[in-house]
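Coordinates from my_file06.cif are shown below (mmCIF, C-alpha atoms).
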```cif
data_input
loop_
_atom_site.group_PDB
_atom_site.id
_atom_site.type_symbol
_atom_site.label_atom_id
_atom_site.label_comp_id
_atom_site.auth_asym_id
_atom_site.auth_seq_id
_atom_site.Cartn_x
_atom_site.Cartn_y
_atom_site.Cartn_z
ATOM 1 C CA MET A 1 25.282 -5.043 -2.147
ATOM 2 C CA PHE A 2 27.417 -8.070 -1.256
ATOM 3 C CA ARG A 3 24.503 -9.373 0.788
ATOM 4 C CA LEU A 4 22.230 -9.071 -2.237
ATOM 5 C CA LEU A 5 24.610 -11.233 -4.253
ATOM 6 C CA ALA A 6 25.130 -13.801 -1.526
ATOM 7 C CA GLY A 7 23.670 -17.271 -1.536
ATOM 8 C CA THR A 8 20.905 -18.667 0.587
ATOM 9 C CA GLU A 9 21.017 -18.975 4.330
ATOM 10 C CA PRO A 10 19.129 -21.048 6.852
ATOM 11 C CA GLU A 11 15.844 -19.808 8.169
ATOM 12 C CA LEU A 12 15.561 -18.451 11.672
ATOM 13 C CA SER A 13 16.916 -20.821 14.244
ATOM 14 C CA SER A 14 15.186 -18.971 17.056
ATOM 15 C CA GLY A 15 12.310 -20.724 18.750
ATOM 16 C CA ASN A 16 10.267 -17.625 18.049
ATOM 17 C CA LEU A 17 9.082 -17.808 14.453
ATOM 18 C CA GLN A 18 7.829 -14.225 14.516
ATOM 19 C CA GLU A 19 11.249 -12.828 15.344
ATOM 20 C CA PRO A 20 12.113 -10.361 12.536
ATOM 21 C CA LEU A 21 15.103 -10.911 10.301
ATOM 22 C CA SER A 22 18.294 -9.002 10.913
ATOM 23 C CA LEU A 23 18.871 -6.071 8.581
ATOM 24 C CA ARG A 24 21.796 -8.035 7.178
ATOM 25 C CA ASP A 25 19.485 -10.862 6.182
ATOM 26 C CA GLU A 26 16.866 -8.481 4.809
ATOM 27 C CA LEU A 27 19.290 -7.431 2.067
ATOM 28 C CA ARG A 28 19.194 -10.649 0.079
ATOM 29 C CA PHE A 29 17.616 -11.243 -3.296
ATOM 30 C CA ARG A 30 15.421 -13.991 -1.880
ATOM 31 C CA ARG A 31 13.719 -11.366 0.322
ATOM 32 C CA LEU A 32 12.201 -9.887 -2.817
ATOM 33 C CA GLY A 33 9.936 -12.930 -2.809
ATOM 34 C CA LEU A 34 6.636 -13.427 -1.020
ATOM 35 C CA HIS A 35 7.241 -16.647 0.912
ATOM 36 C CA HIS A 36 6.419 -16.710 4.613
ATOM 37 C CA HIS A 37 6.620 -19.775 6.836
ATOM 38 C CA SER A 38 3.343 -19.006 8.654
ATOM 39 C CA PRO A 39 0.562 -17.850 6.277
ATOM 40 C CA THR A 40 -1.907 -17.483 9.152
ATOM 41 C CA ASP A 41 0.114 -14.487 10.398
ATOM 42 C CA PHE A 42 -1.665 -12.535 7.643
ATOM 43 C CA LEU A 43 -5.054 -13.447 9.083
ATOM 44 C CA ARG A 44 -4.722 -12.369 12.694
ATOM 45 C CA SER A 45 -3.704 -9.477 14.895
ATOM 46 C CA GLN A 46 -0.386 -9.245 16.683
ATOM 47 C CA TRP A 47 -2.275 -8.418 19.847
ATOM 48 C CA GLN A 48 -5.053 -11.025 19.993
ATOM 49 C CA SER A 49 -4.873 -13.663 22.712
ATOM 50 C CA GLY A 50 -6.029 -16.788 20.861
ATOM 51 C CA PRO A 51 -5.489 -18.096 17.330
ATOM 52 C CA LYS A 52 -8.772 -16.467 16.229
ATOM 53 C CA SER A 53 -10.449 -13.243 17.259
ATOM 54 C CA SER A 54 -13.992 -12.033 16.619
ATOM 55 C CA ILE A 55 -12.838 -8.509 17.445
ATOM 56 C CA PHE A 56 -10.177 -8.613 14.726
ATOM 57 C CA LEU A 57 -12.706 -10.062 12.277
ATOM 58 C CA ALA A 58 -15.134 -7.214 13.017
ATOM 59 C CA TYR A 59 -12.305 -4.703 12.664
ATOM 60 C CA ARG A 60 -11.315 -6.152 9.297
ATOM 61 C CA TRP A 61 -14.876 -5.760 7.999
ATOM 62 C CA ALA A 62 -15.151 -2.242 9.423
ATOM 63 C CA LEU A 63 -11.994 -1.236 7.547
ATOM 64 C CA GLY A 64 -13.116 -3.003 4.364
ATOM 65 C CA GLY A 65 -16.594 -1.508 4.571
ATOM 66 C CA PHE A 66 -15.218 1.974 5.181
ATOM 67 C CA PHE A 67 -12.938 2.026 2.151
ATOM 68 C CA GLY A 68 -15.253 -0.101 0.009
ATOM 69 C CA ALA A 69 -18.072 2.388 0.557
ATOM 70 C CA GLY A 70 -15.671 5.237 -0.132
ATOM 71 C CA VAL A 71 -14.596 3.763 -3.460
ATOM 72 C CA VAL A 72 -18.168 3.087 -4.595
ATOM 73 C CA GLY A 73 -19.319 6.554 -3.546
ATOM 74 C CA CYS A 74 -16.351 8.304 -5.117
ATOM 75 C CA ILE A 75 -16.743 6.504 -8.444
ATOM 76 C CA SER A 76 -20.474 7.187 -8.604
ATOM 77 C CA GLU A 77 -19.945 10.852 -7.729
ATOM 78 C CA TYR A 78 -16.877 11.614 -9.880
ATOM 79 C CA TYR A 79 -16.927 9.055 -12.683
ATOM 80 C CA ASN A 80 -16.874 11.847 -15.289
ATOM 81 C CA HIS A 81 -17.209 9.580 -18.343
ATOM 82 C CA GLY A 82 -14.332 7.406 -17.146
ATOM 83 C CA ASN A 83 -11.958 10.230 -16.253
ATOM 84 C CA PHE A 84 -12.028 9.037 -12.660
ATOM 85 C CA PHE A 85 -9.633 6.265 -13.637
ATOM 86 C CA ILE A 86 -6.878 8.446 -15.121
ATOM 87 C CA PHE A 87 -5.651 9.823 -11.784
ATOM 88 C CA LEU A 88 -3.071 8.135 -9.560
ATOM 89 C CA THR A 89 -5.021 9.129 -6.443
ATOM 90 C CA ASN A 90 -7.992 7.140 -7.684
ATOM 91 C CA TRP A 91 -5.878 4.143 -8.628
ATOM 92 C CA GLY A 92 -4.581 4.183 -5.071
ATOM 93 C CA PHE A 93 -8.025 4.651 -3.544
ATOM 94 C CA VAL A 94 -9.457 1.711 -5.483
ATOM 95 C CA LEU A 95 -6.510 -0.357 -4.261
ATOM 96 C CA CYS A 96 -7.405 0.672 -0.689
ATOM 97 C CA GLY A 97 -10.889 -0.738 -1.175
ATOM 98 C CA VAL A 98 -9.747 -3.924 -2.891
ATOM 99 C CA THR A 99 -7.018 -4.666 -0.332
ATOM 100 C CA SER A 100 -9.133 -3.983 2.752
ATOM 101 C CA ILE A 101 -12.085 -6.035 1.469
ATOM 102 C CA ALA A 102 -9.771 -8.893 0.418
ATOM 103 C CA GLY A 103 -8.270 -8.858 3.905
ATOM 104 C CA ALA A 104 -11.738 -9.057 5.460
ATOM 105 C CA ILE A 105 -12.718 -11.985 3.232
ATOM 106 C CA LEU A 106 -9.515 -13.897 4.026
ATOM 107 C CA VAL A 107 -9.924 -13.400 7.774
ATOM 108 C CA THR A 108 -13.574 -14.497 7.526
ATOM 109 C CA ILE A 109 -12.624 -17.726 5.748
ATOM 110 C CA TYR A 110 -9.911 -18.368 8.324
ATOM 111 C CA HIS A 111 -12.277 -17.612 11.193
ATOM 112 C CA TYR A 112 -14.788 -20.280 10.156
ATOM 113 C CA LYS A 113 -12.295 -22.935 9.092
ATOM 114 C CA PRO A 114 -10.751 -25.508 11.457
ATOM 115 C CA GLU A 115 -7.643 -24.299 13.248
ATOM 116 C CA THR A 116 -5.555 -26.721 11.193
ATOM 117 C CA TRP A 117 -6.560 -24.952 7.959
ATOM 118 C CA VAL A 118 -3.736 -23.238 6.090
ATOM 119 C CA PRO A 119 -4.612 -20.641 3.418
ATOM 120 C CA PRO A 120 -3.315 -21.321 -0.104
ATOM 121 C CA SER A 121 0.095 -19.715 -0.514
ATOM 122 C CA GLY A 122 -0.993 -18.053 -3.772
ATOM 123 C CA TRP A 123 -3.733 -16.117 -1.972
ATOM 124 C CA ILE A 124 -1.320 -14.904 0.657
ATOM 125 C CA LYS A 125 1.357 -13.883 -1.842
ATOM 126 C CA VAL A 126 -1.079 -11.794 -3.889
ATOM 127 C CA TYR A 127 -2.534 -10.242 -0.738
ATOM 128 C CA TRP A 128 0.921 -9.448 0.676
ATOM 129 C CA ALA A 129 2.019 -7.717 -2.533
ATOM 130 C CA CYS A 130 -1.243 -5.737 -2.692
ATOM 131 C CA TYR A 131 -1.065 -4.843 1.002
ATOM 132 C CA TRP A 132 2.468 -3.450 0.813
ATOM 133 C CA THR A 133 1.778 -1.662 -2.462
ATOM 134 C CA ASN A 134 -1.356 -0.143 -0.962
ATOM 135 C CA ILE A 135 0.176 1.107 2.284
ATOM 136 C CA THR A 136 3.237 2.611 0.578
ATOM 137 C CA LEU A 137 1.295 4.142 -2.284
ATOM 138 C CA ALA A 138 -1.222 5.680 0.142
ATOM 139 C CA CYS A 139 1.644 7.433 1.925
ATOM 140 C CA LEU A 140 3.165 8.608 -1.370
ATOM 141 C CA ILE A 141 -0.132 9.986 -2.686
ATOM 142 C CA ALA A 142 -0.754 11.850 0.558
ATOM 143 C CA PHE A 143 2.794 13.247 0.591
ATOM 144 C CA ALA A 144 2.665 14.390 -3.035
ATOM 145 C CA TYR A 145 -0.831 15.825 -2.740
ATOM 146 C CA TRP A 146 -0.413 17.837 0.448
ATOM 147 C CA THR A 147 3.033 19.170 -0.477
ATOM 148 C CA ALA A 148 2.632 19.911 -4.183
ATOM 149 C CA ILE A 149 -0.974 19.758 -5.380
ATOM 150 C CA TYR A 150 -3.279 20.862 -2.555
ATOM 151 C CA PRO A 151 -3.289 24.697 -2.983
ATOM 152 C CA LYS A 152 -4.187 24.638 -6.684
ATOM 153 C CA ASP A 153 -6.524 21.688 -6.270
ATOM 154 C CA ARG A 154 -8.851 23.567 -3.922
ATOM 155 C CA VAL A 155 -9.503 26.441 -6.355
ATOM 156 C CA LEU A 156 -13.264 26.494 -6.976
ATOM 157 C CA THR A 157 -12.826 26.613 -10.763
ATOM 158 C CA ASN A 158 -10.683 23.460 -10.792
ATOM 159 C CA PRO A 159 -12.649 20.790 -12.725
ATOM 160 C CA THR A 160 -10.959 17.951 -10.778
ATOM 161 C CA ARG A 161 -11.918 19.405 -7.403
ATOM 162 C CA VAL A 162 -13.805 17.022 -5.117
ATOM 163 C CA SER A 163 -15.753 17.695 -1.933
ATOM 164 C CA ASP A 164 -13.882 18.145 1.336
ATOM 165 C CA LEU A 165 -15.255 14.786 2.473
ATOM 166 C CA TYR A 166 -13.808 12.842 -0.437
ATOM 167 C CA ASN A 167 -10.633 14.920 -0.414
ATOM 168 C CA ILE A 168 -9.938 13.809 3.156
ATOM 169 C CA TRP A 169 -11.155 10.275 2.417
ATOM 170 C CA THR A 170 -8.778 9.813 -0.508
ATOM 171 C CA HIS A 171 -5.750 11.922 0.456
ATOM 172 C CA LEU A 172 -5.528 11.840 4.245
ATOM 173 C CA LEU A 173 -7.248 8.845 5.826
ATOM 174 C CA PRO A 174 -5.609 5.983 3.840
ATOM 175 C CA PRO A 175 -2.040 6.523 5.128
ATOM 176 C CA ILE A 176 -3.299 7.081 8.677
ATOM 177 C CA PHE A 177 -5.612 4.067 8.779
ATOM 178 C CA PHE A 178 -3.252 1.653 7.036
ATOM 179 C CA THR A 179 -0.248 2.694 9.110
ATOM 180 C CA ILE A 180 -2.333 1.927 12.198
ATOM 181 C CA ASP A 181 -3.311 -1.355 10.547
ATOM 182 C CA ASN A 182 0.369 -2.138 9.982
ATOM 183 C CA PHE A 183 0.824 -1.820 13.723
ATOM 184 C CA LEU A 184 -2.155 -4.074 14.484
ATOM 185 C CA VAL A 185 -1.593 -7.024 12.149
ATOM 186 C CA ALA A 186 0.710 -9.984 12.804
ATOM 187 C CA GLN A 187 2.084 -10.286 9.276
ATOM 188 C CA PRO A 188 5.740 -9.565 8.511
ATOM 189 C CA ALA A 189 7.262 -6.877 6.322
ATOM 190 C CA ARG A 190 10.321 -7.010 4.098
ATOM 191 C CA LEU A 191 12.698 -4.123 3.504
ATOM 192 C CA LEU A 192 13.078 -4.974 -0.193
ATOM 193 C CA HIS A 193 9.353 -5.115 -0.872
ATOM 194 C CA PHE A 194 9.448 -1.517 -2.073
ATOM 195 C CA VAL A 195 9.782 -3.156 -5.494
ATOM 196 C CA TYR A 196 6.029 -3.851 -5.576
ATOM 197 C CA PRO A 197 4.754 -0.279 -5.043
ATOM 198 C CA LEU A 198 7.586 0.911 -7.288
ATOM 199 C CA ALA A 199 6.370 -1.410 -10.054
ATOM 200 C CA PHE A 200 2.826 -0.104 -9.525
ATOM 201 C CA LEU A 201 4.037 3.502 -9.756
ATOM 202 C CA HIS A 202 5.951 2.833 -12.971
ATOM 203 C CA THR A 203 2.954 0.981 -14.403
ATOM 204 C CA TYR A 204 0.979 4.164 -13.865
ATOM 205 C CA GLY A 205 3.811 6.025 -15.610
ATOM 206 C CA ILE A 206 3.421 3.763 -18.647
ATOM 207 C CA PHE A 207 -0.312 4.458 -18.592
ATOM 208 C CA ALA A 208 0.408 8.214 -18.509
ATOM 209 C CA ILE A 209 2.708 7.844 -21.527
ATOM 210 C CA LEU A 210 0.030 5.973 -23.464
ATOM 211 C CA PHE A 211 -2.570 8.554 -22.435
ATOM 212 C CA TYR A 212 -0.349 11.294 -23.846
ATOM 213 C CA ALA A 213 0.665 9.386 -26.986
ATOM 214 C CA LEU A 214 -2.919 8.442 -27.860
ATOM 215 C CA GLY A 215 -4.144 12.014 -27.547
ATOM 216 C CA GLY A 216 -6.033 11.672 -24.289
ATOM 217 C CA ARG A 217 -7.235 14.826 -22.574
ATOM 218 C CA ASN A 218 -7.726 15.609 -18.922
ATOM 219 C CA LEU A 219 -10.684 17.551 -17.536
ATOM 220 C CA ASP A 220 -8.914 20.803 -18.467
ATOM 221 C CA GLY A 221 -8.640 19.652 -22.066
ATOM 222 C CA LYS A 222 -4.852 19.209 -21.795
ATOM 223 C CA HIS A 223 -2.947 16.307 -23.365
ATOM 224 C CA TYR A 224 -1.555 15.158 -20.029
ATOM 225 C CA ILE A 225 -2.946 13.997 -16.714
ATOM 226 C CA TYR A 226 -0.798 16.113 -14.401
ATOM 227 C CA PRO A 227 1.384 19.104 -15.394
ATOM 228 C CA PHE A 228 4.459 17.324 -14.046
ATOM 229 C CA LEU A 229 3.665 14.389 -16.387
ATOM 230 C CA ASN A 230 3.577 16.530 -19.513
ATOM 231 C CA PHE A 231 5.731 14.459 -21.850
ATOM 232 C CA ALA A 232 6.308 17.470 -24.072
ATOM 233 C CA ARG A 233 8.740 18.446 -21.290
ATOM 234 C CA PRO A 234 10.654 15.189 -20.761
ATOM 235 C CA LYS A 235 13.252 16.629 -18.357
ATOM 236 C CA ILE A 236 10.552 17.648 -15.891
ATOM 237 C CA VAL A 237 8.924 14.228 -16.211
ATOM 238 C CA LEU A 238 12.244 12.472 -15.599
ATOM 239 C CA LYS A 239 12.935 14.590 -12.522
ATOM 240 C CA THR A 240 9.418 13.950 -11.209
ATOM 241 C CA VAL A 241 9.593 10.178 -11.682
ATOM 242 C CA THR A 242 13.045 10.010 -10.087
ATOM 243 C CA TYR A 243 11.952 12.138 -7.132
ATOM 244 C CA LEU A 244 8.733 10.187 -6.555
ATOM 245 C CA SER A 245 10.601 6.878 -6.791
ATOM 246 C CA ILE A 246 13.094 7.982 -4.128
ATOM 247 C CA VAL A 247 10.299 9.237 -1.874
ATOM 248 C CA LEU A 248 8.365 5.983 -2.361
ATOM 249 C CA VAL A 249 11.353 3.845 -1.346
ATOM 250 C CA SER A 250 11.843 6.076 1.713
ATOM 251 C CA LEU A 251 8.180 5.763 2.717
ATOM 252 C CA SER A 252 8.307 1.999 2.268
ATOM 253 C CA SER A 253 11.303 1.939 4.610
ATOM 254 C CA LEU A 254 9.393 4.000 7.171
ATOM 255 C CA GLU A 255 6.494 1.536 7.074
ATOM 256 C CA TYR A 256 9.022 -1.252 7.510
ATOM 257 C CA GLY A 257 10.166 0.661 10.593
ATOM 258 C CA VAL A 258 6.583 0.533 11.915
ATOM 259 C CA TYR A 259 6.725 -3.251 11.557
ATOM 260 C CA ARG A 260 10.015 -3.389 13.480
ATOM 261 C CA LEU A 261 8.563 -1.158 16.194
ATOM 262 C CA ARG A 262 5.508 -3.417 16.439
ATOM 263 C CA ASN A 263 7.732 -6.455 16.879
ATOM 264 C CA PHE A 264 9.879 -4.696 19.465
ATOM 265 C CA ILE A 265 6.842 -3.788 21.565
ATOM 266 C CA ALA A 266 5.285 -7.229 21.088
ATOM 267 C CA ARG A 267 8.496 -8.864 22.261
ATOM 268 C CA LYS A 268 8.526 -6.721 25.410
ATOM 269 C CA LEU A 269 4.889 -7.592 26.096
ATOM 270 C CA GLY A 270 5.312 -11.290 25.334
ATOM 271 C CA LYS A 271 3.045 -11.099 22.271
ATOM 272 C CA LEU A 272 5.393 -12.544 19.654
#
```
Please lay out the structure from this file as structure tokens.
Amino acid sequence: MFRLLAGTEPELSSGNLQEPLSLRDELRFRRLGLHHHSPTDFLRSQWQSGPKSSIFLAYRWALGGFFGAGVVGCISEYYNHGNFFIFLTNWGFVLCGVTSIAGAILVTIYHYKPETWVPPSGWIKVYWACYWTNITLACLIAFAYWTAIYPKDRVLTNPTRVSDLYNIWTHLLPPIFFTIDNFLVAQPARLLHFVYPLAFLHTYGIFAILFYALGGRNLDGKHYIYPFLNFARPKIVLKTVTYLSIVLVSLSSLEYGVYRLRNFIARKLGKL
């Protein structure tokens, strides 16, 4: 807490600009921001040899194409007069598509620009916030689904039931693929960046409140989206939101741990 209230400090004095911050320095208010001294770190792999890599570019488009196609197919198959967009899983899945395609576009621009080109900081800040929101939210959705929703969801009479293909595509593959991606990219992570997925989660909570207040109905004809977001039972909703928020912060910290592990291995292999 004292670190959070402390003033500014000099940037890394190490000759290695990719060296991660100490945990002490991570706990400062300024680390809530989205500034990074080397924007091109977001456009390359930690493991590529040169400044640009055709293999990484192809990988970026494979990931973007995979989730982009999944989003388009899922919307066309389960649009249900717009009901597709009331579920948190689908918000997260759309974010998977948007983030992965945006990453592919950014790497493509970088790949065909001169090596002296530096991407606009605004692009990188938006992408960084979306990336961290996406990876953390994907883990949260998978955790909540497989631990609390899965058994009832697979009942054949459930109107929200999707095919096994899309069930795996939306609830299982995003956290696996994006955690692997977190290990492949060269971009940094910040311990305090859980604020971005947390803001996204609470934005969805506001949407759920409005859905309830305006008389919206889910596919079962109920005035709520999920039973645990039934605002006629506010204590259950409060417990659910508190629990999910704690889990989300924990998952964000775990993904930050993946970043630290990546840097540790890269340092040992001389890839920083």
At a cut-off of 12 Å, using all atoms listed in the file, what residues contact A:Ile176? Leave out same-chain residues fewer than 6 positions from it and give the result as a list in words.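 Using all atoms listed in the file, the neighbours found are Ile135, Thr136, Ala138, Cys139, Ala142, Phe143, Ile168, Trp169, Thr170, Asn182, Phe183 and Glu255 of chain A.
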Within 12 Å of stretch 68-79 of chain A, which residues of stretch 171-237 of chain A show up? Give each one with its shortest atom-to-atom distance in Å (one decimal) and the two atoms involved, counting all atoms listed in the file, rows by chain then rising residue number, as CSV.
```
residue,atom,partner,partner_atom,distance
A:His171,CA,A:Gly70,CA,12.0
A:Leu173,CA,A:Gly70,CA,10.9
A:Pro174,CA,A:Gly70,CA,10.8
A:Leu219,CA,A:Tyr78,CA,11.5
```
Can you tell me, as a ChimeraX atom specification, what residues are no more than 12 Å from A:Leu248 when counting only C-alpha atoms, ignoring any on the same chain fewer than 5 positions away? /A:132-144,193-202,240-243,253-255
So, with only C-alpha atoms as the atoms that count, which of A:Ala129, A:Ala213, A:Val247, A:Ala186 lies closest to A:Ser49?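 Between A:Ala129, A:Ala213, A:Val247, A:Ala186, the residue approaching A:Ser49 most closely is A:Ala186.
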Between A:Thr99, A:Thr179, A:Gln18, A:Asn263, which residue has the minimum interatomic distance to A:Ile124, considering only C-alpha atoms? A:Thr99
Mind checking which residues fall within 12 Å of A:Gly65, counting all atoms listed in the file, ignoring those fewer than 5 positions away in the same chain, and posting them as a ChimeraX atom specification? /A:58-60,70-73,96-105
Determine the nearest neighbour of A:Val258 from the options A:Leu191, A:His36, A:Gly270, A:Leu63, counting all atoms listed in the file. A:Leu191
Take atom CA of A:Gly215 and atom CA of A:Pro227 and report the distance between them in Å, one decimal. 15.1 Å
Which value, in Å to one decimal, gives the distance between atom CA of A:Lys222 and atom CA of A:Lys239?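 Rounded to one decimal, the two atoms are 20.6 Å apart.
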